[in-house]
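Structure first, then comments.
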Amino acid sequence: MDILNIFKESSKWIYLGYHDIYLKYSRSFLGPWWSVLTVTVILAFLSNVWSQIFDISLISYLPHLIICYIFWLWISSTLLDLSNFIIDQSSLISQIKISHWVLLMRIFFRNVLVLMHNCLLLIIMFFYFKMHIDFISFVKFIIIFFISSIFLISNGMLLAILVTRFRDFLPIVSTVINLIFFITPIIWDEKILDKNIFILDINPVYWILNLIESSLVERLSINYNYLINLILVTLISLILSILVHKFYRSKIIHWL
Amino acid sequence: MNVKIDFRNVNLIYPILNDNHRSLRRKIINIFNKNDDIKYINHIHALKDLTFSINPGERIGIRGHNGSGKTSLLKLISGIFSASSGNLKINGSVSSFIDLHFGLNMEASGYENIKTKLRLLGFEKKFIVEHIPKIINFSELGDFINIAVKNYSSGMLVRLSFSILHFIETDICVMDEWLGVGDVNFQKKSKNAVLRKFTTNDKIFILTSHDDDLLNSCCNRIITLDKGAVIDDKKT
């Protein structure tokens, strides 16, 4: 199975993903910390404005905003980058024999590295708000992060195949990702929805953000319904992505 | 393991997609469209019923007009394309240098590009660390190795790419119209290096070119393609 190359050639995608980030920021003074600074400024403005709009105290609003916004950036940029990964790396795909899964992981890992930089804000938040995370909660966070990663990787492959075949599909992906931002409680609180909370029950991005937030914030408890939903959807999309890629693997090169 | 390439009735057919075929919106509209001309996708029969074997020790020169299927054949051997029908068996590791600029990042230095290219080809850190000084030395790029590749001349790019290839040990090597580029001295050096490396009984070298003199001097078997079919196959 081609997907096994993710494990066999892990050193390849780790190096390539790291090298992409290294090259991207090699000429800047702050390097990848530029993006952290940008996120910090955005969060500073958003938290001040939206806490006043919703009439919520900054102390209770800021942890939710920081966690959800940082992980939303990871989810959205990963999905968008993965959707385009075959077209972006078409020169490589048409010149050497290389696994599509390895090239997908290169892009995924690149986005994980950006997330890891942004996690500095989480650490600052933990110290500033004197938040605690015990070992069990940390393990839960790692498990949720791992499942979310598989969800993004498998859906990224499905989207990439569609985007490569139909070039007008990428703007649709981009629009849907923007739409998800507005219908997911990232900058607003889910309590606003009141009775219409069912729209969150069918939103996988919300499941991920909710699970991550509840694993990191002590006072929140994990919603196991969301966890089961996420595992099921991830399993289905993983199987589907393996099958669809297997069927179209030899055809993709002719769509480039 | 005996290095060998075996073609049995191999065909390669692929679609030529235009803007209409690449549009999801069009695809949905065309479901209700009765005009079949719009829906029709042209296919190219790039390689037709190829049946031949390549044995170890053979240096194959592939000649033919533009569009005769030379590059498609190399891409098939490299594993980039898959045969549409027939049976293609390849015993041995393959290195393909179909495009000179494959994997090059024009913003990165020559040194960084050597590392990245070797990583892309599947080599581990230990091999890369061991071979980088040899590659730099062979390329004769000197201090230029530390500047961005976008500042290189086409000849310097050839030196860089060829030097990487020279240190890769594979059973089968495929090159697409490549050796005749660069300055005269480097052409001679690279040609001698290839011949030294592949004039053995256990490797296969495949080169496509329009230059008959180059093919005759490098290769011991010439295959001529025309419209995707083999029309001549002779030993030299």
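Each chain in the structure tokens gets a letter, A, B, ..., in the order shown, and its residues are numbered from 1; ligands are numbered from 1 in order too.
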Quiz prompt | stretch 229-231 of chain A surroundings by only C-alpha atoms, 7 Å radius, close-in-sequence under 6 positions cut, as a list in words | solution =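 Near neighbours after the sequence-gap exclusion: Ile147, Pro204 and Trp207 of chain A.
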Can you list every residue of chain B that has an atom at most 6 Å from chain A, with its nearest atom pair and the distance in Å to one decimal, using only C-alpha atoms, ordered by chain then number, as JSON lines?
```
{"residue": "B:Arg22", "atom": "CA", "partner": "A:Phe166", "partner_atom": "CA", "distance": 4.5}
{"residue": "B:Ser23", "atom": "CA", "partner": "A:Phe166", "partner_atom": "CA", "distance": 5.0}
{"residue": "B:Leu24", "atom": "CA", "partner": "A:Phe166", "partner_atom": "CA", "distance": 5.3}
{"residue": "B:Gly79", "atom": "CA", "partner": "A:Lys97", "partner_atom": "CA", "distance": 5.5}
{"residue": "B:Ile80", "atom": "CA", "partner": "A:Lys97", "partner_atom": "CA", "distance": 5.0}
{"residue": "B:Ser82", "atom": "CA", "partner": "A:Ser250", "partner_atom": "CA", "distance": 5.9}
{"residue": "B:Arg119", "atom": "CA", "partner": "A:Lys12", "partner_atom": "CA", "distance": 5.9}
```
Quiz prompt | Which of B:His101, B:Arg221, B:Arg159, B:Lys34 sits closest to B:Gln187 [using only C-alpha atoms] | solution =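 Going through B:His101, B:Arg221, B:Arg159, B:Lys34 one by one, the smallest distance to B:Gln187 is for B:Arg159.
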Practice problem: Pick out the residues sitting within 9 Å of B:Asn42, and hand them over as number ranges by chain; count only C-alpha atoms, and ignore anything fewer than 2 positions along from it in its own chain. | Solution: B: 14-17, 40, 44
Could the residues in this selection be saved with N, CA, C and O atoms as a compact mmCIF listing (two decimals), in the first residue's frame?
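What ended up in part_2.txt:
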```
# COMPACT_ATOMS: atom_id res chain seq x y z
N TYR B 14 -2.93 7.99 -22.75
CA TYR B 14 -3.35 8.94 -21.71
C TYR B 14 -4.23 10.06 -22.27
O TYR B 14 -4.17 10.36 -23.46
N PRO B 15 -5.07 10.63 -21.39
CA PRO B 15 -6.03 11.65 -21.86
C PRO B 15 -5.37 13.02 -22.03
O PRO B 15 -4.42 13.34 -21.32
N ILE B 16 -5.87 13.77 -22.96
CA ILE B 16 -5.47 15.17 -23.11
C ILE B 16 -6.66 16.01 -22.65
O ILE B 16 -7.69 16.07 -23.33
N LEU B 17 -6.50 16.62 -21.49
CA LEU B 17 -7.62 17.37 -20.92
C LEU B 17 -7.53 18.85 -21.29
O LEU B 17 -6.45 19.45 -21.17
N TYR B 40 -16.39 14.64 -25.07
CA TYR B 40 -15.36 13.71 -25.54
C TYR B 40 -13.95 14.14 -25.11
O TYR B 40 -13.56 15.30 -25.27
N ILE B 44 -4.16 10.11 -26.21
CA ILE B 44 -2.96 9.90 -27.03
C ILE B 44 -2.45 8.48 -26.79
O ILE B 44 -2.30 8.06 -25.64
```
Exercise. Check stretch 135-189 of chain A with DSSP on the backbone and list each residue it calls alpha helix (DSSP H), as a PyMOL selection string.
Key: chain A and resi 135-165+169-183
Exercise. Have a look at atom CA of B:Met106 and atom CA of B:Ala148 and let me know their distance in Å, one decimal.
Key: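 Calculated distance between atom CA of B:Met106 and atom CA of B:Ala148 is 6.4 Å.
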Practice problem: Just give me the gap between atom CA of B:Ser78 and atom CA of B:Ile222 in Å, one decimal is fine. | Solution: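 Interatomic distance, atom CA of B:Ser78 to atom CA of B:Ile222: 19.0 Å.
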Quiz prompt | d(atom CA of B:Lys117, atom CA of B:Gly92) in Å | solution = 20.6 Å
Quiz item: Quick one: residues within 10 Å of stretch 131-133 of chain B, only C-alpha atoms counted, chain neighbours fewer than 2 positions away excluded, as number ranges by chain?
Solution: B: 111, 114-115, 118, 125-129, 135-139, 163-164, 167-168
Practice problem: Please provide as a list in words all residues within 12 Å of B:Ala229, with the sequence filter that same-chain residues fewer than 3 positions apart are discarded (counting only C-alpha atoms). | Solution: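 Within the cut-off, the hits are Asn9, Val10, Asn11, Leu12, His45, Ala46, Leu47, Lys48, Asp49, Leu50, Thr51, Phe52, Ile62, Arg63, Gly64, His65, Gly67, Ser68, Gly69, Lys70, Ser72, Leu73, Ile223, Thr224, Leu225, Asp226, Asp232 and Asp233 of chain B.
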Quiz prompt | Spatial neighbours of A:Ser148, 12 Å, only C-alpha atoms, chain gap at least 6 places, as an MDAnalysis selection string | solution = chainID A and resid 71:72 74:75 78:79 108 112 141:142 154:156 204:212 226:227 229:235 237:238
Quiz item: Using only C-alpha atoms, which of B:Ile231, B:Val194, B:Ile204, B:Met175 sits nearest B:Glu58?
Solution: B:Ile204
